[in-house]
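S.K.: My questions all concern the structure below.
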Amino acid sequence: MKVNIVGMGYIGLPTALSMAAGGINITGTDKNKALLDTLRAGRLTFKEKGMPELFKSAQDSGNLSLSDCCVEADIYIVAVPTPYHKISKKIDASYVAGAVNDIVKVAPKGAIIAVESTIPPGTMERDVLPIIKEKGLVRGVDIHLAHVPERIIPGNMVYELQHNARTIGVDDEAVGEKLISVYRSFNKGTMTITDIKTAEMTKVVENTYRDVNIAFANELARICARDGMDVREVIKIANMHPRVNILSPGPGVGGHCISVDPWFLIGEYPEMTPLISSARKVNDAMPSFVLERVSALMKENGITDLSQVGFYGLTYKENVDDTRESPTLQLIEHLENNLVFNIRSYDPMVTHKVTDGQVMDFDEFLSSSRLVVIMVAHDHIKENEKRLEDKLVYDTRSCLKNIKTYQL
């Protein structure tokens with residue numbers, strides 16, 4: 001059994017390593033030759049708990065090779081980006097379509113193309129199947145399609161790859177069983193076979209549910225802030241009810257799942273998604289809410305210069321180096337649009353410059369910050385809590401427990 005995984009990013013790479021370590025013959029394909037050179041040199045392209053050990057296991061197995069083009073294989077797994085158009089909110093399926101185009105040129109008869117990239121219902125039928133029919137028939141090969149949506153989160157990828165349930169969307173149960181045998185090389189979770197459109201829908205629904213729940217928490221945070229209540233205490237007590245499970249509020253929603261996937265449903269079904277659309281607007285507005293609160297705290301404490309305010313955390317969540325859709329970067333972009341530049345920021349996980357005003361040294365960051373705004377609850381800031389005792393601290397994540405802070 002030979003598997004070609006197309007896309008060596010946050011999903012494709014750990015999947016390739018897991019399968020190779022599990023005994024499957026894997027070729028990892030990516031058009032980014034610099035990325036491939038980095039991997040060939042034995043270096044990972046992003047930080048993730050458990051990845052170094054998994055990388056070594058895959059290398060030691062002898063089952064992993066890398067290529068900048070697709071190769072002949074029994075199964076192809078597509079793990080490429082799926083952005084959305086900012087105006088229409090519809091998916092940009094060009095990366096998926098491009099990958100499938102490349103695959104069909106080399107795929108043998110009976111091959112399976114499984115798309116892991118998150119897509120709204122109907123994408124496989126609308127954007128992928130026509131390519132198979134046109135290019136596959138020209139070459140006289142019969143290719144099967146499947147949608148196996150990824151279900152992992154940065155910071156816990158390796159564990160979740162091994163234990164999370166998987167959905168196998170197929171039009172032929174025999175194809176589903178064949179895919180299950182491959183995913184079983186590393187995954188111990190429940191595997192459910194369903195049709196392709198249902199698989200597309202379930203993945204988008206999972207993240208949309210969380211977005212709506214977070215929006216409710218964020219709306220509560222704004223209400224509580226106005227009337228002097230502790231929103232986290234309110235949520236903690238409410239969640240003691242056996243049928244209530246409110247998630248935590250925060251300074252915004254980032255990453256390439258919760259902050260993106262709901263737009264796929266809004267783009268495809270605009271007249272049917274007023275609740276989802278409202279939730280997206282609430283969550284997208286949170287960085288601006290944080291800025292309003294910062295402005296009020298500056299005025300309250302006699303701070304007139306924004307350069308004395310430091311924003312801690314540039315990633316979208318704690319203990320990862322992933323800055324995609326980061327609330328802090330959204331906040332900085334909002335300020336820059338209003339002609340305020342060089343907002344001071346620091347993140348121990350981000351070792352390269354991603355924004356103007358970014359400070360690379362924690363001591364330097366602290367020395368010039370009267371007000372520290374904690375946007376991300378990295379373990380690093382918890383471990384350095386005592387160093388903030390003489391600072392004004394606006395803790396949007398409520399992660400510090402032993403010093404006085406302003407809360408979201």
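In the structure tokens, each chain is lettered A, B, ... as it comes, each chain's residues begin at 1, and ligands are numbered from 1 in order of appearance.
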Give me the residues near Phe365 of chain A as number ranges by chain, where near means some atom within 10 Å (using only C-alpha atoms) and where sequence neighbours in that chain fewer than 6 positions away do not count.
M.R.: A: 308-312, 344-347, 358-359, 372
S.K.: Determine, counting only C-alpha atoms, which protein, DNA and RNA residues have an atom within 9 Å of an atom of Phe55 of chain A; residues of the same chain fewer than 4 positions away are not included. Present the result as a list of chain:residue names.
M.R.: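 Once the nearby chain positions are removed, what remains is A:Pro14, A:Leu17, A:Ser18, A:Ala21, A:Gly42, A:Arg43, A:Leu44, A:Gly50, A:Met51, A:Gln59, A:Asp60.
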S.K.: Which residues of segment 201-254 of chain A have any atom within 7 Å of an atom in segment 260-273 of chain A when counting only C-alpha atoms, and what is the closest pair of atoms for each, with the distance in Å to one decimal? Order the rows by chain and rising number and write it as a Markdown table.
M.R.:
```
| residue | atom | partner | partner_atom | distance |
| --- | --- | --- | --- | --- |
| A:Val204 | CA | A:Asp261 | CA | 5.5 |
| A:Asn207 | CA | A:Asp261 | CA | 6.4 |
| A:Thr208 | CA | A:Pro262 | CA | 4.9 |
```
S.K.: Excluding Ile113 of chain A and residues on its chain fewer than 3 positions from it, collect all residues at most 8 Å away from it, counting only C-alpha atoms, and give them as a VMD selection string.
M.R.: chain A and resid 75 to 78 100 143 to 146
S.K.: Write a file of the selected residues as a compact mmCIF listing (two decimals), in the first residue's frame, keeping N, CA and C atoms.
M.R.:
```txt
# COMPACT_ATOMS: atom_id res chain seq x y z
N ILE A 75 -3.47 5.47 -2.66
CA ILE A 75 -4.35 6.43 -1.98
C ILE A 75 -3.66 7.79 -1.95
N TYR A 76 -4.43 8.83 -2.24
CA TYR A 76 -3.94 10.21 -2.16
C TYR A 76 -4.73 10.94 -1.07
N ILE A 77 -4.03 11.65 -0.23
CA ILE A 77 -4.67 12.45 0.82
C ILE A 77 -4.34 13.91 0.57
N VAL A 78 -5.37 14.72 0.41
CA VAL A 78 -5.19 16.14 0.11
C VAL A 78 -5.35 16.94 1.40
N VAL A 100 -5.92 18.18 -6.80
CA VAL A 100 -6.59 17.07 -7.48
C VAL A 100 -6.18 17.02 -8.95
N ILE A 143 -11.26 6.65 -10.77
CA ILE A 143 -10.75 7.15 -9.49
C ILE A 143 -11.91 7.35 -8.52
N HIS A 144 -11.70 6.93 -7.28
CA HIS A 144 -12.72 7.05 -6.25
C HIS A 144 -12.45 8.27 -5.37
N LEU A 145 -13.53 8.90 -4.92
CA LEU A 145 -13.41 10.10 -4.08
C LEU A 145 -13.86 9.83 -2.65
N ALA A 146 -13.26 10.56 -1.72
CA ALA A 146 -13.66 10.48 -0.32
C ALA A 146 -13.36 11.81 0.37
```
S.K.: Run DSSP on the backbone and give me the residues of segment 150-275 of chain A it puts in strand (DSSP E or B), as a ChimeraX atom specification.
M.R.: /A:166-170,191-194
S.K.: With N, CA and C atoms retained, could you export that selection as a PDB file, in the first residue's frame?
M.R.:
```pdb
ATOM      1  N   ARG A 166     -12.886   9.646  13.700  1.00  0.00           N
ATOM      2  CA  ARG A 166     -12.762  10.136  12.327  1.00  0.00           C
ATOM      3  C   ARG A 166     -14.039   9.845  11.546  1.00  0.00           C
ATOM      4  N   THR A 167     -14.331  10.741  10.603  1.00  0.00           N
ATOM      5  CA  THR A 167     -15.472  10.576   9.704  1.00  0.00           C
ATOM      6  C   THR A 167     -14.951  10.261   8.309  1.00  0.00           C
ATOM      7  N   ILE A 168     -15.462   9.196   7.713  1.00  0.00           N
ATOM      8  CA  ILE A 168     -15.043   8.767   6.374  1.00  0.00           C
ATOM      9  C   ILE A 168     -16.225   8.953   5.430  1.00  0.00           C
ATOM     10  N   GLY A 169     -16.189   9.992   4.621  1.00  0.00           N
ATOM     11  CA  GLY A 169     -17.276  10.259   3.682  1.00  0.00           C
ATOM     12  C   GLY A 169     -16.973   9.650   2.323  1.00  0.00           C
ATOM     13  N   VAL A 170     -17.797   8.695   1.907  1.00  0.00           N
ATOM     14  CA  VAL A 170     -17.579   7.988   0.639  1.00  0.00           C
ATOM     15  C   VAL A 170     -18.924   7.688  -0.026  1.00  0.00           C
ATOM     16  N   MET A 191     -14.373   5.181  13.953  1.00  0.00           N
ATOM     17  CA  MET A 191     -14.419   5.641  12.567  1.00  0.00           C
ATOM     18  C   MET A 191     -15.808   5.389  12.001  1.00  0.00           C
ATOM     19  N   THR A 192     -16.430   6.454  11.523  1.00  0.00           N
ATOM     20  CA  THR A 192     -17.797   6.391  11.021  1.00  0.00           C
ATOM     21  C   THR A 192     -17.812   6.591   9.513  1.00  0.00           C
ATOM     22  N   ILE A 193     -18.402   5.646   8.799  1.00  0.00           N
ATOM     23  CA  ILE A 193     -18.555   5.786   7.345  1.00  0.00           C
ATOM     24  C   ILE A 193     -19.904   6.426   7.048  1.00  0.00           C
ATOM     25  N   THR A 194     -19.893   7.478   6.245  1.00  0.00           N
ATOM     26  CA  THR A 194     -21.113   8.158   5.834  1.00  0.00           C
ATOM     27  C   THR A 194     -20.942   8.616   4.387  1.00  0.00           C
TER      28      THR A 194
END
```
S.K.: Name the residues in contact with segment 222-225 of chain A at a cut-off of 10 Å, using only C-alpha atoms, excluding same-chain residues fewer than 3 positions from it; report them as number ranges by chain.
M.R.: A: 217-219, 228-232, 234, 249, 286, 289, 293, 407-408
S.K.: Any chance you can output those residues with C-alpha atoms as a short mmCIF file (atom, residue, chain, number, x, y, z; two decimals), in the first residue's frame?
M.R.:
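For reference, selection_16.cif as written:
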```
data_model
loop_
_atom_site.label_atom_id
_atom_site.label_comp_id
_atom_site.auth_asym_id
_atom_site.auth_seq_id
_atom_site.Cartn_x
_atom_site.Cartn_y
_atom_site.Cartn_z
CA ALA A 217 -19.68 33.87 26.21
CA ASN A 218 -18.18 37.00 24.66
CA GLU A 219 -21.54 38.75 24.65
CA GLY A 228 -19.23 45.32 37.08
CA MET A 229 -19.84 41.57 37.20
CA ASP A 230 -17.24 38.81 36.92
CA VAL A 231 -18.21 36.98 33.73
CA ARG A 232 -16.10 33.93 34.53
CA VAL A 234 -21.15 33.85 36.21
CA PRO A 249 -14.82 34.32 26.60
CA MET A 286 -13.71 41.35 20.37
CA PHE A 289 -13.63 45.66 22.51
CA ARG A 293 -10.97 48.64 27.41
CA GLN A 407 -10.27 41.22 33.70
CA LEU A 408 -12.05 40.93 30.36
#
```
S.K.: What residues in segment 135-191 of chain A get the DSSP label helix (DSSP H, G or I)? Please answer as a ChimeraX atom specification.
M.R.: /A:135-139,157-163,173-183
S.K.: Taking C-alpha atoms for each residue, export the selection above as a PDB file, in the first residue's frame.
M.R.:
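And here is the file that came out, out_24.pdb:
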```pdb
ATOM      1  CA  LYS A 135      -9.140  14.287 -16.605  1.00  0.00           C
ATOM      2  CA  GLY A 136      -9.705  10.740 -15.366  1.00  0.00           C
ATOM      3  CA  LEU A 137     -11.826   9.683 -18.301  1.00  0.00           C
ATOM      4  CA  VAL A 138      -9.314  11.164 -20.745  1.00  0.00           C
ATOM      5  CA  ARG A 139      -6.673   8.876 -19.262  1.00  0.00           C
ATOM      6  CA  MET A 157      -1.993  17.337  17.378  1.00  0.00           C
ATOM      7  CA  VAL A 158      -0.146  14.072  17.935  1.00  0.00           C
ATOM      8  CA  TYR A 159      -2.459  12.838  20.685  1.00  0.00           C
ATOM      9  CA  GLU A 160      -5.598  13.840  18.796  1.00  0.00           C
ATOM     10  CA  LEU A 161      -4.388  12.223  15.576  1.00  0.00           C
ATOM     11  CA  GLN A 162      -4.091   8.986  17.500  1.00  0.00           C
ATOM     12  CA  HIS A 163      -7.305   9.163  19.517  1.00  0.00           C
ATOM     13  CA  GLU A 173     -18.538   1.486   1.456  1.00  0.00           C
ATOM     14  CA  ALA A 174     -15.690  -0.695   0.159  1.00  0.00           C
ATOM     15  CA  VAL A 175     -13.661   2.494  -0.379  1.00  0.00           C
ATOM     16  CA  GLY A 176     -14.459   3.518   3.184  1.00  0.00           C
ATOM     17  CA  GLU A 177     -13.234   0.201   4.569  1.00  0.00           C
ATOM     18  CA  LYS A 178     -10.002   0.524   2.592  1.00  0.00           C
ATOM     19  CA  LEU A 179      -9.422   4.000   4.019  1.00  0.00           C
ATOM     20  CA  ILE A 180     -10.159   2.800   7.546  1.00  0.00           C
ATOM     21  CA  SER A 181      -7.448   0.144   7.191  1.00  0.00           C
ATOM     22  CA  VAL A 182      -4.936   2.903   6.350  1.00  0.00           C
ATOM     23  CA  TYR A 183      -5.999   5.299   9.111  1.00  0.00           C
TER      24      TYR A 183
END
```
S.K.: Could you pull the residues within 8 Å of Pro149 of chain A, counting only C-alpha atoms, minus those fewer than 5 positions along the same chain, as a list in words?
M.R.: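 Neighbouring residues, sequence-local ones excluded: Val115, Glu116, Ser117, Thr118, Arg166, Thr167, Ile168, Ala199, Glu200 and Lys203 of chain A.
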S.K.: Take the residues that were just selected and, keeping N, CA and C atoms, output them as a PDB file, in the first residue's frame.
M.R.:
```
ATOM      1  N   VAL A 115      -9.916  13.857   0.461  1.00  0.00           N
ATOM      2  CA  VAL A 115      -9.660  15.252   0.821  1.00  0.00           C
ATOM      3  C   VAL A 115      -9.843  15.413   2.325  1.00  0.00           C
ATOM      4  N   GLU A 116      -8.779  15.843   3.016  1.00  0.00           N
ATOM      5  CA  GLU A 116      -8.864  16.128   4.451  1.00  0.00           C
ATOM      6  C   GLU A 116      -9.157  17.603   4.722  1.00  0.00           C
ATOM      7  N   SER A 117      -8.848  18.468   3.772  1.00  0.00           N
ATOM      8  CA  SER A 117      -9.072  19.902   3.944  1.00  0.00           C
ATOM      9  C   SER A 117     -10.537  20.167   4.269  1.00  0.00           C
ATOM     10  N   THR A 118     -10.793  21.137   5.166  1.00  0.00           N
ATOM     11  CA  THR A 118     -12.157  21.472   5.550  1.00  0.00           C
ATOM     12  C   THR A 118     -12.861  22.198   4.416  1.00  0.00           C
ATOM     13  N   ARG A 166     -12.886   9.646  13.700  1.00  0.00           N
ATOM     14  CA  ARG A 166     -12.762  10.136  12.327  1.00  0.00           C
ATOM     15  C   ARG A 166     -14.039   9.845  11.546  1.00  0.00           C
ATOM     16  N   THR A 167     -14.331  10.741  10.603  1.00  0.00           N
ATOM     17  CA  THR A 167     -15.472  10.576   9.704  1.00  0.00           C
ATOM     18  C   THR A 167     -14.951  10.261   8.309  1.00  0.00           C
ATOM     19  N   ILE A 168     -15.462   9.196   7.713  1.00  0.00           N
ATOM     20  CA  ILE A 168     -15.043   8.767   6.374  1.00  0.00           C
ATOM     21  C   ILE A 168     -16.225   8.953   5.430  1.00  0.00           C
ATOM     22  N   ALA A 199     -20.248  14.174   5.464  1.00  0.00           N
ATOM     23  CA  ALA A 199     -18.919  14.365   6.048  1.00  0.00           C
ATOM     24  C   ALA A 199     -18.477  15.820   5.929  1.00  0.00           C
ATOM     25  N   GLU A 200     -18.740  16.435   4.778  1.00  0.00           N
ATOM     26  CA  GLU A 200     -18.404  17.853   4.599  1.00  0.00           C
ATOM     27  C   GLU A 200     -19.139  18.705   5.632  1.00  0.00           C
ATOM     28  N   LYS A 203     -18.024  18.410   9.661  1.00  0.00           N
ATOM     29  CA  LYS A 203     -16.815  19.110  10.094  1.00  0.00           C
ATOM     30  C   LYS A 203     -17.080  20.602  10.257  1.00  0.00           C
TER      31      LYS A 203
END
```
S.K.: Could you give me, as a PyMOL selection string, the residues within 10 Å of Glu389 of chain A, counting only C-alpha atoms and dropping anything in the same chain fewer than 2 positions from it?
M.R.: chain A and resi 384-387+391-393+402-405
S.K.: Keeping N, CA and C atoms for every residue in the selection just given, could you write it to a file as a PDB file, in the first residue's frame?
M.R.:
```
ATOM      1  N   ASN A 384       6.104  33.444  34.764  1.00  0.00           N
ATOM      2  CA  ASN A 384       6.731  34.731  35.050  1.00  0.00           C
ATOM      3  C   ASN A 384       5.767  35.712  35.706  1.00  0.00           C
ATOM      4  N   GLU A 385       4.747  35.182  36.343  1.00  0.00           N
ATOM      5  CA  GLU A 385       3.713  36.024  36.944  1.00  0.00           C
ATOM      6  C   GLU A 385       4.283  37.038  37.936  1.00  0.00           C
ATOM      7  N   LYS A 386       5.235  36.625  38.766  1.00  0.00           N
ATOM      8  CA  LYS A 386       5.799  37.517  39.788  1.00  0.00           C
ATOM      9  C   LYS A 386       6.472  38.746  39.180  1.00  0.00           C
ATOM     10  N   ARG A 387       6.967  38.601  37.946  1.00  0.00           N
ATOM     11  CA  ARG A 387       7.656  39.724  37.301  1.00  0.00           C
ATOM     12  C   ARG A 387       6.683  40.813  36.860  1.00  0.00           C
ATOM     13  N   LYS A 391       3.414  45.977  37.562  1.00  0.00           N
ATOM     14  CA  LYS A 391       2.796  46.437  36.315  1.00  0.00           C
ATOM     15  C   LYS A 391       1.277  46.512  36.467  1.00  0.00           C
ATOM     16  N   LEU A 392       0.668  47.331  35.644  1.00  0.00           N
ATOM     17  CA  LEU A 392      -0.771  47.235  35.440  1.00  0.00           C
ATOM     18  C   LEU A 392      -0.993  46.104  34.448  1.00  0.00           C
ATOM     19  N   VAL A 393      -1.874  45.181  34.770  1.00  0.00           N
ATOM     20  CA  VAL A 393      -2.066  44.007  33.914  1.00  0.00           C
ATOM     21  C   VAL A 393      -3.539  43.863  33.548  1.00  0.00           C
ATOM     22  N   ASN A 402      -2.242  35.032  41.061  1.00  0.00           N
ATOM     23  CA  ASN A 402      -1.655  35.492  42.316  1.00  0.00           C
ATOM     24  C   ASN A 402      -1.339  36.977  42.361  1.00  0.00           C
ATOM     25  N   ILE A 403      -1.699  37.721  41.332  1.00  0.00           N
ATOM     26  CA  ILE A 403      -1.508  39.168  41.351  1.00  0.00           C
ATOM     27  C   ILE A 403      -2.810  39.847  40.948  1.00  0.00           C
ATOM     28  N   LYS A 404      -2.930  41.097  41.285  1.00  0.00           N
ATOM     29  CA  LYS A 404      -4.128  41.852  40.956  1.00  0.00           C
ATOM     30  C   LYS A 404      -4.109  42.193  39.462  1.00  0.00           C
ATOM     31  N   THR A 405      -5.200  41.921  38.785  1.00  0.00           N
ATOM     32  CA  THR A 405      -5.290  42.199  37.339  1.00  0.00           C
ATOM     33  C   THR A 405      -6.658  42.774  37.002  1.00  0.00           C
TER      34      THR A 405
END
```
S.K.: Pick from A:Asn301, A:Thr29, A:Thr123, A:Ser259: nearest to Lys90 of chain A, with only C-alpha atoms counted?
M.R.: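 Nearest candidate to Lys90 of chain A out of A:Asn301, A:Thr29, A:Thr123, A:Ser259: A:Thr123.
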S.K.: With a cut-off of 12 Å, could you pull out the residues of segment 226-304 of chain A touching segment 328-332 of chain A and give me the nearest pair of atoms for each, distance in Å to one decimal, using only C-alpha atoms, ordered by chain and ascending number, as JSON lines?
M.R.:
```
{"residue": "A:Gly250", "atom": "CA", "partner": "A:Thr328", "partner_atom": "CA", "distance": 11.3}
{"residue": "A:Pro251", "atom": "CA", "partner": "A:Thr328", "partner_atom": "CA", "distance": 8.1}
{"residue": "A:Gly252", "atom": "CA", "partner": "A:Thr328", "partner_atom": "CA", "distance": 8.2}
{"residue": "A:Val253", "atom": "CA", "partner": "A:Gln330", "partner_atom": "CA", "distance": 9.9}
{"residue": "A:Gly254", "atom": "CA", "partner": "A:Gln330", "partner_atom": "CA", "distance": 9.1}
{"residue": "A:Gly255", "atom": "CA", "partner": "A:Leu329", "partner_atom": "CA", "distance": 11.5}
{"residue": "A:Ser259", "atom": "CA", "partner": "A:Gln330", "partner_atom": "CA", "distance": 11.8}
{"residue": "A:Asn283", "atom": "CA", "partner": "A:Gln330", "partner_atom": "CA", "distance": 11.4}
{"residue": "A:Asp284", "atom": "CA", "partner": "A:Gln330", "partner_atom": "CA", "distance": 8.6}
{"residue": "A:Ala285", "atom": "CA", "partner": "A:Leu331", "partner_atom": "CA", "distance": 9.5}
{"residue": "A:Met286", "atom": "CA", "partner": "A:Leu331", "partner_atom": "CA", "distance": 8.8}
{"residue": "A:Pro287", "atom": "CA", "partner": "A:Leu331", "partner_atom": "CA", "distance": 5.1}
{"residue": "A:Ser288", "atom": "CA", "partner": "A:Leu331", "partner_atom": "CA", "distance": 6.6}
{"residue": "A:Phe289", "atom": "CA", "partner": "A:Leu331", "partner_atom": "CA", "distance": 9.5}
{"residue": "A:Val290", "atom": "CA", "partner": "A:Leu331", "partner_atom": "CA", "distance": 8.2}
{"residue": "A:Leu291", "atom": "CA", "partner": "A:Leu331", "partner_atom": "CA", "distance": 7.4}
{"residue": "A:Glu292", "atom": "CA", "partner": "A:Leu331", "partner_atom": "CA", "distance": 10.9}
{"residue": "A:Val294", "atom": "CA", "partner": "A:Leu331", "partner_atom": "CA", "distance": 11.4}
```
S.K.: May I ask which of the residues A:Ala99, A:Lys49, A:Glu383, A:Asp305 is the closest one to Asn156 of chain A, counting only C-alpha atoms?
M.R.: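 That would be A:Lys49, the residue with the smallest distance to Asn156 of chain A.
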